[in-house]
>>> print(open('final-v4.csv').read())   # CSV, C-alpha atoms
chain,number,residue,atom,x,y,z
G,1,MET,CA,17.8,90.8,68.2
G,2,THR,CA,15.3,92.7,70.3
G,3,VAL,CA,13.0,90.9,72.7
G,4,SER,CA,10.1,92.7,74.3
G,5,ARG,CA,9.3,92.1,77.9
G,6,ARG,CA,6.0,90.4,76.9
G,7,HIS,CA,7.9,88.1,74.5
G,8,PHE,CA,10.5,87.3,77.1
G,9,ILE,CA,7.9,86.3,79.7
G,10,SER,CA,6.1,84.1,77.2
G,11,LEU,CA,9.4,82.4,76.4
G,12,THR,CA,10.0,81.4,80.0
G,13,GLY,CA,7.0,79.1,79.8
G,14,ALA,CA,8.7,77.2,76.9
G,15,ALA,CA,12.0,77.2,78.8
G,16,VAL,CA,10.3,75.5,81.8
G,17,VAL,CA,8.8,72.8,79.5
G,18,ALA,CA,12.2,72.3,77.8
G,19,TRP,CA,13.9,72.0,81.2
G,20,ASP,CA,11.4,69.4,82.4
G,21,TYR,CA,12.5,67.3,79.4
G,22,VAL,CA,16.1,67.6,80.6
G,23,LEU,CA,15.2,66.7,84.1
G,24,ALA,CA,12.9,63.8,83.2
G,25,GLY,CA,15.8,61.3,82.9
G,26,ALA,CA,16.7,58.6,80.4
G,27,PRO,CA,15.0,55.5,79.1
G,28,GLU,CA,16.4,52.2,80.3
G,29,SER,CA,18.7,50.5,77.9
G,30,SER,CA,21.1,47.5,77.8
G,31,PRO,CA,20.4,46.3,81.4
G,32,ASN,CA,23.1,43.6,81.2
G,33,TYR,CA,25.9,46.1,80.3
G,34,GLN,CA,28.3,46.9,83.0
G,35,ALA,CA,30.2,50.1,82.1
G,36,THR,CA,33.0,49.5,84.7
G,37,ASP,CA,33.9,46.2,83.0
G,38,HIS,CA,35.1,47.9,79.8
G,39,TRP,CA,37.7,50.4,78.6
G,40,TRP,CA,37.1,50.9,74.9
G,41,ALA,CA,39.7,51.7,72.3
G,42,MET,CA,40.2,51.2,68.6
G,43,LEU,CA,43.0,49.6,66.5
G,44,ILE,CA,43.6,51.0,63.0
G,45,ASP,CA,46.0,49.0,60.7
G,46,ILE,CA,47.1,51.5,58.1
G,47,THR,CA,48.8,48.6,56.2
G,48,LYS,CA,45.3,47.2,55.5
G,49,CYS,CA,43.3,50.3,54.7
G,50,ILE,CA,42.3,50.5,51.0
G,51,GLY,CA,40.5,53.9,51.2
G,52,CYS,CA,37.2,52.5,50.0
G,53,GLY,CA,35.2,54.9,52.2
G,54,ASN,CA,32.9,52.2,53.6
G,55,CYS,CA,33.6,53.4,57.2
G,56,VAL,CA,32.7,57.0,56.3
G,57,ARG,CA,29.4,56.0,54.6
G,58,ALA,CA,28.5,53.5,57.4
G,59,CYS,CA,29.2,56.1,60.1
G,60,ALA,CA,27.1,58.8,58.3
G,61,GLU,CA,24.1,56.4,58.0
G,62,GLU,CA,24.4,54.9,61.5
G,63,ASN,CA,24.7,58.3,63.3
G,64,HIS,CA,22.8,60.5,60.9
G,65,VAL,CA,25.9,62.7,60.4
G,66,PRO,CA,24.9,65.9,58.4
G,67,GLU,CA,26.2,66.1,54.8
G,68,GLY,CA,29.6,67.8,54.6
G,69,PHE,CA,30.5,66.9,58.2
G,70,PHE,CA,32.4,63.8,59.4
G,71,ARG,CA,32.7,61.8,62.6
G,72,THR,CA,35.2,59.7,60.8
G,73,TRP,CA,37.1,60.4,57.6
G,74,ILE,CA,40.0,59.1,55.5
G,75,GLU,CA,43.0,61.1,54.5
G,76,ARG,CA,45.3,60.1,51.6
G,77,TYR,CA,48.9,61.0,52.1
G,78,HIS,CA,51.6,61.4,49.5
G,79,VAL,CA,55.2,61.7,50.7
G,80,ASP,CA,57.9,62.5,48.2
G,81,ASP,CA,61.0,60.5,49.0
G,82,PHE,CA,62.4,61.9,52.3
G,83,HIS,CA,60.2,65.0,52.6
G,84,LEU,CA,58.4,63.7,55.7
G,85,GLU,CA,57.8,67.3,56.9
G,86,ASP,CA,55.8,68.2,53.8
G,87,PRO,CA,53.3,65.5,52.9
G,88,ARG,CA,50.5,66.1,50.4
G,89,VAL,CA,47.2,65.2,51.9
G,90,ASP,CA,43.8,65.0,50.3
G,91,SER,CA,40.4,63.9,51.5
G,92,PRO,CA,37.7,64.6,49.0
G,93,ASN,CA,34.4,64.7,50.8
G,94,GLY,CA,36.1,62.9,53.7
G,95,GLY,CA,36.7,59.9,51.5
G,96,LYS,CA,33.0,59.2,51.5
G,97,ASP,CA,32.9,58.7,47.7
G,98,GLY,CA,36.2,57.0,47.6
G,99,PHE,CA,39.4,58.5,46.1
G,100,PRO,CA,40.1,59.2,42.5
G,101,PRO,CA,42.9,56.8,41.4
G,102,ILE,CA,46.4,58.1,41.2
G,103,PRO,CA,49.2,56.7,39.2
G,104,THR,CA,52.2,55.2,40.8
G,105,SER,CA,54.9,57.9,41.2
G,106,ALA,CA,58.1,58.5,43.2
G,107,GLY,CA,57.5,58.5,46.9
G,108,LYS,CA,54.8,56.7,48.8
G,109,ASP,CA,51.1,56.9,49.1
G,110,PHE,CA,48.8,55.5,51.9
G,111,PHE,CA,45.5,56.1,53.6
G,112,VAL,CA,44.9,57.2,57.2
G,113,PRO,CA,41.4,56.7,58.6
G,114,LYS,CA,40.7,59.2,61.4
G,115,LEU,CA,38.1,59.5,64.1
G,116,CYS,CA,37.8,60.7,67.7
G,117,ASN,CA,40.8,59.3,69.7
G,118,GLN,CA,38.6,58.7,72.8
G,119,CYS,CA,41.3,60.4,74.9
G,120,ALA,CA,41.5,59.4,78.5
G,121,ASP,CA,42.7,62.9,79.5
G,122,SER,CA,40.8,64.7,76.8
G,123,PRO,CA,41.4,68.5,76.2
G,124,CYS,CA,37.8,68.8,75.0
G,125,VAL,CA,36.5,67.5,78.3
G,126,GLN,CA,38.7,69.9,80.2
G,127,VAL,CA,37.5,73.0,78.4
G,128,CYS,CA,33.8,72.3,78.5
G,129,PRO,CA,32.4,75.0,80.8
G,130,VAL,CA,29.1,73.2,81.5
G,131,GLY,CA,29.9,69.5,81.8
G,132,ALA,CA,28.3,68.7,78.5
G,133,THR,CA,31.2,66.6,77.3
G,134,PHE,CA,32.8,63.9,79.5
G,135,VAL,CA,34.6,60.6,79.6
G,136,THR,CA,32.3,57.7,80.5
G,137,ARG,CA,33.3,55.1,83.0
G,138,ASP,CA,34.0,52.8,80.0
G,139,GLY,CA,36.4,55.3,78.4
G,140,VAL,CA,34.3,56.9,75.6
G,141,VAL,CA,34.1,60.6,75.2
G,142,LEU,CA,30.5,61.7,74.7
G,143,VAL,CA,28.5,64.9,74.2
G,144,ASP,CA,25.3,65.6,76.2
G,145,GLU,CA,23.2,67.2,73.4
G,146,LYS,CA,20.7,68.6,75.9
G,147,TYR,CA,23.4,70.3,78.0
G,148,CYS,CA,25.7,71.6,75.3
G,149,LEU,CA,25.5,75.3,74.7
G,150,GLY,CA,27.4,75.2,71.4
G,151,CYS,CA,30.1,77.5,72.6
G,152,ARG,CA,32.8,75.7,70.4
G,153,TYR,CA,35.5,75.6,73.1
G,154,CYS,CA,35.8,71.9,72.6
G,155,VAL,CA,36.0,72.2,68.8
G,156,GLN,CA,39.0,74.5,69.2
G,157,ALA,CA,40.5,72.3,72.0
G,158,CYS,CA,40.5,69.0,70.1
G,159,PRO,CA,44.1,68.6,68.7
G,160,TYR,CA,42.8,66.1,66.1
G,161,GLY,CA,40.0,68.2,64.6
G,162,CYS,CA,37.4,65.5,65.4
G,163,ARG,CA,34.5,67.8,66.5
G,164,PHE,CA,32.1,70.1,64.7
G,165,ILE,CA,29.0,72.0,65.5
G,166,ASP,CA,25.8,70.4,64.1
G,167,PRO,CA,24.3,72.9,61.7
G,168,GLU,CA,20.8,71.9,62.7
G,169,ARG,CA,21.0,71.5,66.5
G,170,LYS,CA,23.8,74.0,67.0
G,171,THR,CA,25.5,71.6,69.5
G,172,ALA,CA,28.9,69.9,69.4
G,173,GLN,CA,29.0,66.5,67.7
G,174,LYS,CA,31.6,63.9,67.4
G,175,CYS,CA,32.3,60.1,67.1
G,176,THR,CA,30.6,58.3,70.0
G,177,LEU,CA,32.5,55.1,69.2
G,178,CYS,CA,28.9,53.9,68.3
G,179,TYR,CA,28.1,53.9,72.0
G,180,HIS,CA,24.6,52.7,71.2
G,181,ARG,CA,26.0,49.7,69.5
G,182,ILE,CA,29.0,48.7,71.7
G,183,THR,CA,26.7,48.7,74.8
G,184,LYS,CA,24.5,46.2,73.0
G,185,GLY,CA,27.3,43.8,72.2
G,186,LEU,CA,27.7,45.0,68.6
G,187,THR,CA,30.9,46.5,67.0
G,188,THR,CA,30.9,50.0,65.7
G,189,ALA,CA,29.4,50.7,62.3
G,190,CYS,CA,32.8,51.6,60.8
G,191,CYS,CA,34.3,48.3,62.0
G,192,GLU,CA,31.2,46.4,60.7
G,193,ALA,CA,31.5,47.9,57.3
G,194,CYS,CA,35.3,47.8,56.9
G,195,PRO,CA,36.0,45.1,54.3
G,196,THR,CA,39.7,44.5,55.2
G,197,ALA,CA,39.4,44.6,59.1
G,198,ALA,CA,41.7,47.7,59.0
G,199,ARG,CA,39.6,49.0,61.9
G,200,GLN,CA,38.9,46.9,65.0
G,201,LEU,CA,37.1,47.8,68.1
G,202,ALA,CA,39.0,46.8,71.2
G,203,ASP,CA,38.2,46.5,74.9
G,204,LEU,CA,41.4,47.1,76.9
G,205,LYS,CA,39.8,45.7,80.1
G,206,ASN,CA,39.1,42.4,78.4
G,207,PRO,CA,42.2,40.2,78.9
G,208,LYS,CA,41.0,38.0,76.0
G,209,ASP,CA,40.8,40.8,73.5
G,210,PRO,CA,43.2,40.2,70.6
G,211,ILE,CA,44.5,43.8,70.9
G,212,HIS,CA,46.8,42.8,73.8
G,213,GLU,CA,48.7,40.4,71.6
G,214,PHE,CA,48.7,42.8,68.8
G,215,LEU,CA,50.1,45.7,70.9
G,216,LYS,CA,52.8,43.3,72.2
G,217,THR,CA,53.9,42.2,68.8
G,218,HIS,CA,53.6,45.3,66.6
G,219,SER,CA,55.1,48.8,66.5
G,220,VAL,CA,52.0,50.8,67.4
G,221,GLN,CA,51.6,54.5,67.7
G,222,VAL,CA,48.9,57.1,68.7
G,223,LEU,CA,48.4,60.4,66.9
G,224,LYS,CA,50.2,63.4,68.5
G,225,PRO,CA,51.6,61.5,71.5
G,226,GLN,CA,53.4,64.7,72.6
G,227,MET,CA,50.0,66.2,73.4
G,228,ALA,CA,49.6,63.6,76.3
G,229,THR,CA,45.9,63.3,75.6
G,230,GLY,CA,45.8,59.6,76.5
G,231,ALA,CA,44.6,58.8,73.0
G,232,LYS,CA,43.1,55.3,72.7
G,233,VAL,CA,43.0,54.9,68.9
G,234,PHE,CA,46.1,52.9,68.1
G,235,TYR,CA,47.7,53.0,64.7
G,236,ASN,CA,49.8,50.2,63.2
G,237,GLY,CA,52.2,51.2,60.4
G,238,LEU,CA,51.8,54.9,61.1
G,239,ASP,CA,54.2,56.9,59.0
G,240,GLY,CA,56.1,59.8,60.6
G,241,SER,CA,54.6,62.3,58.2
G,242,VAL,CA,51.1,61.8,59.6
G,243,ARG,CA,49.9,64.8,61.6
I,1,MET,CA,28.9,104.5,125.0
I,2,LYS,CA,26.8,101.5,123.9
I,3,PRO,CA,28.5,98.9,121.8
I,4,LEU,CA,26.5,97.8,118.7
I,5,LYS,CA,24.0,100.5,119.1
I,6,ASP,CA,22.9,100.1,115.5
I,7,ALA,CA,22.8,96.3,115.6
I,8,GLU,CA,19.5,96.1,113.8
I,9,HIS,CA,21.2,97.1,110.6
I,10,LEU,CA,23.5,94.1,110.9
I,11,VAL,CA,20.6,91.8,111.6
I,12,ARG,CA,18.8,93.1,108.5
I,13,ILE,CA,21.9,92.6,106.3
I,14,ALA,CA,22.4,89.1,107.7
I,15,ALA,CA,18.7,88.3,107.0
I,16,VAL,CA,19.0,89.5,103.4
I,17,PHE,CA,22.2,87.5,103.0
I,18,LEU,CA,20.6,84.3,104.4
I,19,ALA,CA,17.6,84.8,102.1
I,20,GLY,CA,20.0,85.0,99.2
I,21,VAL,CA,21.8,81.9,100.1
I,22,LEU,CA,18.5,80.0,100.6
I,23,LEU,CA,17.3,81.3,97.2
I,24,PHE,CA,20.5,80.1,95.6
I,25,LEU,CA,20.3,76.6,97.2
I,26,GLY,CA,16.6,76.3,96.2
I,27,ALA,CA,17.2,77.3,92.6
I,28,ARG,CA,20.2,74.9,92.5
I,29,ALA,CA,18.2,72.0,93.7
I,30,LEU,CA,15.5,72.9,91.2
I,31,PHE,CA,17.6,73.4,88.1
I,32,VAL,CA,20.5,70.8,88.4
I,33,PRO,CA,19.3,67.5,86.9
I,34,LYS,CA,19.1,64.7,89.5
I,35,SER,CA,21.7,62.5,87.8
I,36,PHE,CA,24.3,65.3,87.4
I,37,GLY,CA,27.4,64.4,89.3
I,38,GLN,CA,26.5,60.8,89.8
I,39,TYR,CA,29.7,59.6,88.1
I,40,GLY,CA,31.4,62.9,87.5
I,41,HIS,CA,30.9,66.5,86.3
I,42,TYR,CA,28.2,65.5,83.8
I,43,ARG,CA,24.6,64.3,83.6
I,44,ALA,CA,24.7,60.5,84.0
I,45,ASP,CA,21.4,60.1,82.2
I,46,ALA,CA,23.0,61.4,79.0
I,47,VAL,CA,25.0,58.1,78.9
I,48,THR,CA,21.8,56.0,79.0
I,49,GLU,CA,20.1,58.3,76.4
I,50,ILE,CA,23.0,57.9,74.0
I,51,ALA,CA,23.1,54.1,74.6
I,52,ALA,CA,19.4,53.9,73.8
I,53,LEU,CA,19.7,55.3,70.3
I,54,PRO,CA,18.4,52.9,67.6
I,55,VAL,CA,20.9,50.7,65.7
I,56,VAL,CA,21.0,51.1,61.9
I,57,HIS,CA,23.5,48.4,60.9
I,58,ALA,CA,22.2,45.0,62.1
I,59,GLY,CA,25.6,43.3,62.3
I,60,HIS,CA,26.6,40.2,60.3
I,61,ASP,CA,25.6,37.8,63.1
I,62,THR,CA,22.0,38.9,62.6
I,63,CYS,CA,22.2,38.5,58.8
I,64,GLU,CA,23.6,35.0,59.1
I,65,MET,CA,20.8,33.8,61.3
I,66,CYS,CA,18.6,33.7,58.2
I,67,HIS,CA,21.0,33.8,55.2
I,68,VAL,CA,22.8,30.6,56.2
I,69,ASP,CA,23.4,29.5,52.6
I,70,VAL,CA,25.1,32.8,51.6
I,71,ALA,CA,27.2,32.8,54.8
I,72,GLU,CA,28.4,29.3,54.1
I,73,LEU,CA,29.3,30.2,50.5
I,74,LYS,CA,31.1,33.4,51.6
I,75,HIS,CA,33.1,31.7,54.3
I,76,LYS,CA,34.6,29.4,51.7
I,77,GLY,CA,36.0,32.2,49.6
I,78,LYS,CA,38.3,35.2,49.7
I,79,HIS,CA,35.4,37.4,51.0
I,80,ALA,CA,35.1,35.5,54.2
I,81,GLY,CA,36.2,38.4,56.3
I,82,VAL,CA,33.9,41.0,54.5
I,83,ASN,CA,30.8,41.6,56.5
I,84,CYS,CA,27.4,41.6,54.8
I,85,GLU,CA,26.7,45.3,55.4
I,86,ALA,CA,30.1,46.3,53.9
I,87,CYS,CA,28.5,45.7,50.5
I,88,HIS,CA,24.7,45.7,51.1
I,89,GLY,CA,24.6,48.8,53.3
I,90,PRO,CA,22.7,49.2,56.7
I,91,GLN,CA,20.0,46.5,57.0
I,92,ALA,CA,18.6,46.8,60.6
I,93,ARG,CA,15.3,47.8,59.2
I,94,HIS,CA,15.3,44.8,56.9
I,95,ALA,CA,16.2,42.6,59.8
I,96,ASP,CA,13.3,44.0,61.9
I,97,ASP,CA,10.8,43.5,59.1
I,98,PRO,CA,12.2,41.1,56.5
I,99,SER,CA,9.0,40.6,54.5
I,100,SER,CA,8.2,44.2,53.7
I,101,ILE,CA,11.6,45.9,53.6
I,102,LYS,CA,13.7,44.5,50.8
I,103,PRO,CA,17.3,45.6,50.3
I,104,ALA,CA,18.3,46.9,46.9
I,105,LEU,CA,20.7,44.7,44.9
I,106,PRO,CA,24.0,46.5,44.6
I,107,ASP,CA,25.4,47.2,41.1
I,108,THR,CA,28.6,45.2,41.0
I,109,ALA,CA,30.1,47.5,38.3
I,110,VAL,CA,30.2,50.2,40.9
I,111,LEU,CA,30.4,48.3,44.1
I,112,CYS,CA,33.5,46.1,43.4
I,113,ALA,CA,35.5,49.0,42.0
I,114,ARG,CA,35.2,50.9,45.3
I,115,CYS,CA,37.7,48.4,46.7
I,116,HIS,CA,39.4,46.8,43.7
I,117,GLU,CA,40.1,49.8,41.4
I,118,GLU,CA,43.8,50.2,41.2
I,119,SER,CA,45.4,52.9,43.2
I,120,ALA,CA,49.0,53.6,44.2
I,121,ALA,CA,47.9,54.3,47.8
I,122,LYS,CA,46.4,50.8,48.3
I,123,PRO,CA,48.5,48.1,49.9
I,124,LYS,CA,50.5,46.3,47.2
I,125,ALA,CA,49.2,42.8,48.2
I,126,PHE,CA,45.5,43.8,47.8
I,127,PRO,CA,44.0,42.6,44.6
I,128,GLN,CA,43.5,45.5,42.2
I,129,VAL,CA,42.5,46.0,38.6
I,130,VAL,CA,42.0,48.9,36.2
I,131,THR,CA,38.3,48.2,35.6
I,132,ALA,CA,38.3,50.0,32.2
I,133,GLU,CA,40.9,47.6,30.9
I,134,HIS,CA,39.9,44.6,32.9
I,135,SER,CA,36.2,44.5,32.1
I,136,GLY,CA,35.3,47.5,30.0
I,137,GLY,CA,32.5,48.6,32.4
I,138,LEU,CA,30.7,45.2,32.4
I,139,PRO,CA,29.3,44.3,35.8
I,140,CYS,CA,31.8,42.2,37.7
I,141,LYS,CA,29.3,39.4,38.4
I,142,THR,CA,29.3,38.6,34.7
I,143,CYS,CA,32.3,36.5,35.5
I,144,HIS,CA,32.8,36.5,39.3
I,145,THR,CA,30.3,35.5,42.0
I,146,PRO,CA,30.5,38.3,44.6
I,147,HIS,CA,30.0,36.1,47.6
I,148,ASN,CA,32.9,33.8,46.5
I,149,PRO,CA,34.8,35.8,43.9
I,150,SER,CA,36.7,33.1,42.1
I,151,ILE,CA,36.0,32.9,38.4
I,152,ASP,CA,32.9,30.9,37.8
I,153,SER,CA,33.6,29.0,34.5
I,154,SER,CA,29.9,28.1,34.1
I,155,LEU,CA,29.0,31.8,33.6
I,156,LYS,CA,29.3,33.5,30.2
I,157,PRO,CA,29.2,37.3,29.6
I,158,GLY,CA,25.6,38.4,29.7
I,159,ASP,CA,24.4,35.7,32.2
I,160,GLU,CA,22.9,37.0,35.4
I,161,LYS,CA,23.5,35.5,38.8
>>> encode(input="final-v4.csv", output="structure tokens")
Amino acid sequence: MTVSRRHFISLTGAAVVAWDYVLAGAPESSPNYQATDHWWAMLIDITKCIGCGNCVRACAEENHVPEGFFRTWIERYHVDDFHLEDPRVDSPNGGKDGFPPIPTSAGKDFFVPKLCNQCADSPCVQVCPVGATFVTRDGVVLVDEKYCLGCRYCVQACPYGCRFIDPERKTAQKCTLCYHRITKGLTTACCEACPTAARQLADLKNPKDPIHEFLKTHSVQVLKPQMATGAKVFYNGLDGSVR
Amino acid sequence: MKPLKDAEHLVRIAAVFLAGVLLFLGARALFVPKSFGQYGHYRADAVTEIAALPVVHAGHDTCEMCHVDVAELKHKGKHAGVNCEACHGPQARHADDPSSIKPALPDTAVLCARCHEESAAKPKAFPQVVTAEHSGGLPCKTCHTPHNPSIDSSLKPGDEK
């Protein structure tokens, strides 16, 4: 691309206008919400997931996720007998249109819904060179679309593959744990749409949240605990073959 | 011998250096958004901007404020735990303007199968059917009432409800 001096000077005007927009500040929202009173997480019960794809569709509509990209998706695992190292995984269109039925066969089959793990020590936050991605005071990893350069470091850094570059805006996008909903007292769109309550939003700072009893009484695991990311999406019934 | 006989050179360099530092500080004050660094190495206003995005799914509490009868029927049956928008889709626009925005009625032949079509990967205790054998493509509401899905004996194939 070649830019003439005249063109460059005319562009600086537009840049000043755009920067004013960044500096202008944010509209006021949810005045009663105290960020420091919450520490958000999610509980996923694999033993309840039926792979209907409601969460994927609800997420796409709630967050205007571009076609072919996913902030949450469902994977279907097939493990032959003891071959835990070598599962067969499929996720046609992220599970958005459901899964084609499969006949019962030897081994086991199950669904694993995935989304951003809202890590407390997130690799994506650590690699962002401009401070466009961060952990909020209530424990949600967000992307500042106006600050993101689209350099893709975070996309590579996420061990869970939860990020993508928006094809229109050319900035990083990911699950916000429906931050615009949970700060208004609603649950996330995926939890709202899940018919079997396989997904549940949880507030770890709320002592009355049922997650505390659940964590105490179930064998719960996070994905890739060896990465020490401080993941806050807890899976019940997670098979050893899940990556 | 005079010490620092060319001192004016040093003064000039110091002045240029000082001007550079001032220029940097000025530019920094101008370009860094005011809320940057308020809570950490990010723009605090971004949090409020994301929190202010419009909601698309109204939430079942909102639905049940008007549709009391349906909620009551649903809570008696096996679909008690299934939220309205799990089947009816996002309805915040309908909730904002109930008279002019009407939700489309879901086709039960497609809708019910999403959850209840038999698959080896589904939990064994979850009720599943092979729709082709079970109903031969008829809409499920021919026999079942979706909000309380026990068999309604008063319905006959072909009746609409």
>>> atom_distance(input="final-v4.csv", atom1="CA of Lys205 in chain G", atom2="CA of Arg137 in chain G")
11.8 Å
>>> atom_distance(input="final-v4.csv", atom1="CA of His57 in chain I", atom2="CA of Cys194 in chain G")
12.5 Å
>>> interface_residues(input="final-v4.csv", of="chain I", to="chain G", cutoff="8 Å", atoms="all atoms listed in the file", output="PyMOL selection string")
chain I and resi 31-35+39+41-43+45-57+59-60+81-87+89-90+114-115+117-123
>>> atom_distance(input="final-v4.csv", atom1="CA of Asp96 in chain I", atom2="CA of Gly185 in chain G")
17.4 Å
>>> closest_residue(input="final-v4.csv", among="G:Lys232, G:Arg169, G:His212, G:Arg6", to="Asn117 in chain G", atoms="only C-alpha atoms")
G:Lys232
>>> residues_around(input="final-v4.csv", residues="Asp86 in chain G", least_positions_apart="5", cutoff="9 Å", atoms="all atoms listed in the file", output="PyMOL selection string")
chain G and resi 79-80+241
>>> closest_residue(input="final-v4.csv", among="G:Ala60, G:Ala231, G:Leu149, G:Leu215", to="Pro123 in chain G", atoms="all atoms listed in the file")
G:Ala231
>>> residues_near_point(input="final-v4.csv", point="(46.1, 68.1, 69.4)", cutoff="8 Å", atoms="all atoms listed in the file", output="short mmCIF file (atom, residue, chain, number, x, y, z; two decimals) with C-alpha atoms, in the coordinates of the input")
data_model
loop_
_atom_site.label_atom_id
_atom_site.label_comp_id
_atom_site.auth_asym_id
_atom_site.auth_seq_id
_atom_site.Cartn_x
_atom_site.Cartn_y
_atom_site.Cartn_z
CA ALA G 157 40.50 72.30 72.00
CA CYS G 158 40.50 69.00 70.10
CA PRO G 159 44.10 68.60 68.70
CA TYR G 160 42.80 66.10 66.10
CA GLY G 161 40.00 68.20 64.60
CA LYS G 224 50.20 63.40 68.50
CA MET G 227 50.00 66.20 73.40
CA THR G 229 45.90 63.30 75.60
#
>>> residues_around(input="final-v4.csv", residues="Ala71 in chain I", least_positions_apart="6", cutoff="9 Å", atoms="only C-alpha atoms", output="PyMOL selection string")
chain I and resi 63-64+80+84+147
>>> closest_residue(input="final-v4.csv", among="G:Cys154, G:Cys148, G:Val222, G:Ile74", to="Lys170 in chain G", atoms="only C-alpha atoms")
G:Cys148
>>> closest_residue(input="final-v4.csv", among="G:Thr217, G:Asn93, G:Gln118, G:Gln126", to="Met42 in chain G", atoms="only C-alpha atoms")
G:Gln118
